[in-house]
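As provided, protein-v5.txt (compact mmCIF, C-alpha atoms) reads as follows.
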```
# COMPACT_ATOMS: atom_id res chain seq x y z
CA MET P 1 13.64 279.89 199.16
CA ASP P 2 11.45 282.96 199.18
CA VAL P 3 12.60 285.75 196.88
CA ARG P 4 11.00 289.17 197.25
CA PRO P 5 10.49 291.60 194.34
CA ALA P 6 12.87 294.50 193.85
CA ARG P 7 12.50 297.37 196.28
CA PRO P 8 12.77 301.11 195.70
CA ALA P 9 16.16 302.65 196.31
CA ALA P 10 18.22 305.74 195.51
CA LYS P 11 17.74 308.07 192.54
CA LEU P 12 19.06 307.15 189.12
CA GLY P 13 21.41 309.62 187.44
CA PRO P 14 20.42 311.10 184.04
CA LEU P 15 23.24 309.36 182.13
CA ALA P 16 22.36 305.91 183.49
CA ARG P 17 18.97 306.06 181.76
CA LEU P 18 20.76 306.48 178.43
CA ALA P 19 23.00 303.43 178.84
CA PRO P 20 22.50 300.87 176.06
CA GLU P 21 21.02 297.48 176.99
CA PRO P 22 24.30 295.52 176.56
CA MET P 23 25.95 297.87 179.06
CA LYS P 24 23.18 297.15 181.58
CA VAL P 25 23.79 293.42 181.13
CA VAL P 26 27.50 293.92 181.80
CA LEU P 27 26.76 296.02 184.90
CA ASN P 28 24.40 293.36 186.28
CA TRP P 29 26.96 290.65 185.52
CA GLY P 30 29.66 292.55 187.42
CA ARG P 31 27.36 293.17 190.37
CA ARG P 32 26.20 289.54 190.36
CA TYR P 33 29.68 288.03 190.61
CA SER P 34 31.35 290.49 192.99
CA LEU P 35 29.21 290.50 196.12
CA TRP P 36 31.02 291.66 199.24
CA VAL P 37 29.26 290.22 202.28
CA PHE P 38 28.74 291.90 205.62
CA ASN P 39 27.86 289.12 208.04
CA PHE P 40 25.59 290.24 210.85
CA GLY P 41 25.84 287.04 212.87
CA LEU P 42 23.85 286.95 216.08
CA ALA P 43 23.63 283.25 217.00
CA CYS P 44 24.29 279.69 215.86
CA CYS P 45 23.42 280.44 212.22
CA ALA P 46 26.57 282.56 212.05
CA ILE P 47 28.64 279.40 212.55
CA GLU P 48 26.96 277.88 209.48
CA PHE P 49 27.79 281.06 207.55
CA ILE P 50 31.44 280.63 208.49
CA ALA P 51 31.29 276.98 207.40
CA ALA P 52 29.92 278.08 204.00
CA SER P 53 32.90 280.37 203.51
CA MET P 54 35.50 277.69 204.29
CA ALA P 55 37.23 275.37 201.81
CA ARG P 56 34.63 272.60 201.74
CA HIS P 57 31.76 274.78 200.51
CA ASP P 58 33.84 277.73 199.29
CA PHE P 59 31.34 280.33 198.17
CA ILE P 60 34.19 282.48 196.86
CA ARG P 61 33.90 280.36 193.70
CA LEU P 62 30.46 281.95 193.21
CA GLY P 63 31.97 285.44 193.23
CA VAL P 64 31.13 286.15 196.87
CA ILE P 65 33.78 287.75 199.07
CA PRO P 66 32.86 286.51 202.56
CA PHE P 67 34.07 289.24 204.88
CA ALA P 68 33.78 292.91 203.93
CA PRO P 69 35.73 295.26 206.22
CA GLY P 70 32.50 297.03 207.18
CA PRO P 71 29.04 297.98 205.97
CA ARG P 72 30.33 300.82 203.77
CA GLN P 73 32.25 298.32 201.61
CA ALA P 74 29.48 295.67 201.46
CA ASP P 75 26.87 294.86 198.83
CA LEU P 76 25.16 292.06 200.73
CA MET P 77 24.15 291.82 204.38
CA VAL P 78 23.51 288.33 205.74
CA VAL P 79 21.48 288.55 208.95
CA SER P 80 21.78 285.27 210.84
CA GLY P 81 20.38 284.62 214.28
CA THR P 82 17.84 286.04 216.68
CA VAL P 83 17.25 289.77 216.25
CA THR P 84 16.15 291.24 219.55
CA ASP P 85 14.22 294.49 219.87
CA LYS P 86 17.30 296.07 221.45
CA MET P 87 19.48 295.03 218.47
CA ALA P 88 16.96 296.20 215.83
CA PRO P 89 18.17 299.85 215.64
CA ALA P 90 21.76 298.64 215.10
CA VAL P 91 20.65 296.38 212.24
CA LYS P 92 18.82 299.27 210.59
CA ARG P 93 21.73 301.69 211.10
CA LEU P 94 24.24 299.27 209.54
CA TYR P 95 21.88 298.62 206.62
CA GLU P 96 21.57 302.36 205.99
CA GLN P 97 25.39 302.67 205.91
CA MET P 98 25.64 300.23 203.00
CA PRO P 99 25.98 301.83 199.55
CA GLU P 100 23.50 301.21 196.75
CA PRO P 101 22.82 298.68 195.34
CA LYS P 102 22.45 296.68 198.53
CA TYR P 103 20.91 293.29 199.19
CA VAL P 104 19.85 291.36 202.28
CA ILE P 105 19.65 287.61 202.95
CA SER P 106 17.74 286.53 206.05
CA PHE P 107 19.54 283.34 207.11
CA GLY P 108 17.76 281.00 209.51
CA ALA P 109 14.42 280.70 211.25
CA CYS P 110 15.29 283.25 213.94
CA SER P 111 16.02 286.06 211.50
CA ASN P 112 13.13 285.01 209.22
CA CYS P 113 10.35 285.00 211.82
CA GLY P 114 11.78 284.85 215.34
CA GLY P 115 12.35 281.07 215.29
CA PRO P 116 11.74 279.18 218.52
CA TYR P 117 11.74 282.52 220.36
CA TRP P 118 8.89 284.04 218.33
CA ASP P 119 6.66 284.42 221.39
CA SER P 120 9.22 286.29 223.49
CA TYR P 121 8.48 289.91 224.34
CA ALA P 122 12.04 290.92 223.40
CA VAL P 123 12.40 289.24 219.98
CA THR P 124 11.72 290.93 216.64
CA LYS P 125 9.40 288.73 214.58
CA GLY P 126 11.66 288.74 211.54
CA VAL P 127 14.34 291.08 210.25
CA ASP P 128 11.97 292.13 207.45
CA GLN P 129 10.15 294.23 210.07
CA ILE P 130 13.21 296.49 210.12
CA ILE P 131 14.89 296.31 206.69
CA PRO P 132 13.82 294.97 203.28
CA VAL P 133 14.89 291.36 202.67
CA ASP P 134 15.66 289.94 199.22
CA VAL P 135 16.08 286.21 199.97
CA TYR P 136 14.95 284.09 202.92
CA VAL P 137 16.93 280.94 203.76
CA PRO P 138 14.91 278.65 206.06
CA GLY P 139 16.28 276.26 208.67
CA CYS P 140 17.34 276.03 212.30
CA PRO P 141 20.22 276.37 211.62
CA PRO P 142 20.32 276.10 207.84
CA ARG P 143 23.07 274.02 206.29
CA PRO P 144 25.86 275.79 204.38
CA GLU P 145 24.40 274.37 201.16
CA ALA P 146 21.19 276.29 201.87
CA LEU P 147 23.17 279.54 202.04
CA LEU P 148 24.83 278.70 198.73
CA HIS P 149 21.38 278.12 197.22
CA GLY P 150 20.18 281.46 198.64
CA ILE P 151 23.18 283.23 197.10
CA LEU P 152 22.44 281.63 193.73
CA LYS P 153 18.82 282.83 193.97
CA LEU P 154 20.04 286.35 194.79
CA GLN P 155 22.43 286.26 191.82
CA GLU P 156 19.55 285.24 189.55
CA LYS P 157 17.54 288.18 190.87
CA ILE P 158 20.45 290.58 190.27
CA ALA P 159 20.88 289.30 186.69
CA GLU P 160 17.23 290.09 185.92
CA GLU P 161 17.28 293.59 187.44
CA SER P 162 16.57 296.57 185.28
CA VAL P 163 18.27 299.80 186.24
CA PRO P 164 15.19 302.06 185.92
CA GLY P 165 13.03 299.47 187.71
CA ARG P 166 15.40 299.31 190.68
CA TYR P 167 15.80 303.06 191.04
CA ALA P 168 12.22 304.08 190.28
CA PRO P 169 10.95 306.64 192.81
CA SER P 170 8.08 305.38 194.93
CA ALA P 171 6.87 305.38 198.51
CA PRO P 172 8.41 302.83 200.91
CA PRO P 173 6.27 299.72 201.45
CA ALA P 174 3.93 299.85 204.43
CA ALA P 175 5.33 296.52 205.64
CA LEU P 176 8.63 298.20 206.52
CA THR P 177 7.18 300.33 209.27
CA SER P 178 8.06 299.11 212.72
CA PRO P 179 7.52 300.53 216.18
CA LEU P 180 11.07 299.45 217.02
CA VAL P 181 12.79 302.08 214.92
CA ALA P 182 11.28 305.53 215.05
CA PRO P 183 11.29 307.55 211.80
CA GLU P 184 13.76 310.40 211.73
CA GLU P 185 12.30 313.86 212.14
CA GLY P 186 13.94 317.16 211.37
CA GLY P 187 16.81 315.75 209.32
CA ARG P 188 18.82 314.40 212.22
```
What would the structure in this file look like if it were written as structure tokens?
Amino acid sequence: MDVRPARPAAKLGPLARLAPEPMKVVLNWGRRYSLWVFNFGLACCAIEFIAASMARHDFIRLGVIPFAPGPRQADLMVVSGTVTDKMAPAVKRLYEQMPEPKYVISFGACSNCGGPYWDSYAVTKGVDQIIPVDVYVPGCPPRPEALLHGILKLQEKIAEESVPGRYAPSAPPAALTSPLVAPEEGGR
């Protein structure tokens, strides 16, 4: 599993900086064990995601609610399957609708790097070209156990987060620029 470092996000309120360290631990614990998942399933990997949420693997026991009503109620987006250039703006738009803090798991070879379709003119070479990814789960398609392992890695990352470190103002990484999604101009 590949776990990326924390990324810059929204501004931190003045009172949150004054919170004592035990309160930050409690906040991270609550965030860690109450992840609402928005599944952005595009191909066969989505079937493995569904298998991971069923009784045999049951990732609800890890504190993961498998099906959020929509992106505005989700903490975690699982992108599974081939992301085409035509689908890329929709992925970015749904990611932007998620409230902070938000996390992304790239599930499967197609969403990680384009998979067997990497040389196609219409396939995005990884969802990380569009949105920041926290955990990569390899495989074609990955087994449900691999998704459970990726969720555990994400929960470890959340437990180690510091509030000021997550919300520190900085410029977006250069790796997140993509010709597929044009930057907004003029506030629209």
### Query
In Å to one decimal, how far is CA of Ser80 (chain P) from CA of Asp134 (chain P)?
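So the two atoms, CA of Asp134 (chain P) and CA of Ser80 (chain P), lie 13.9 Å apart.
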### Query
So how many Å separate CA of His149 (chain P) and CA of Ile105 (chain P), to one decimal?
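CA of Ile105 (chain P) lies 11.2 Å from CA of His149 (chain P).
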### Nearest candidate to Ala109 (chain P) (options P:Ala159, P:Leu35, P:Ala43, P:Ile151; using only C-alpha atoms)
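Selected residue with least distance to Ala109 (chain P): P:Ala43.
Shortest separation to Pro138 (chain P) among P:Tyr117, P:Ile158, P:Leu152, P:Cys110 occurs at residue P:Cys110, atoms counted being only C-alpha atoms.
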#### Entry: Pick from P:Pro66, P:Pro101, P:Gly108, P:Pro116 nearest to Val137 (chain P), counting all atoms listed in the file
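Selected residue with least distance to Val137 (chain P): P:Gly108.
If you measure from each of P:Val91, P:Leu147, P:Met98, P:Leu154 to Ile130 (chain P) using all atoms listed in the file, the closest one turns out to be P:Val91.
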### Task
Can you work out the spacing between CA of Ala52 (chain P) and CA of Pro142 (chain P) in Å, to one decimal?
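CA of Pro142 (chain P) lies at a distance of 10.5 Å from CA of Ala52 (chain P).
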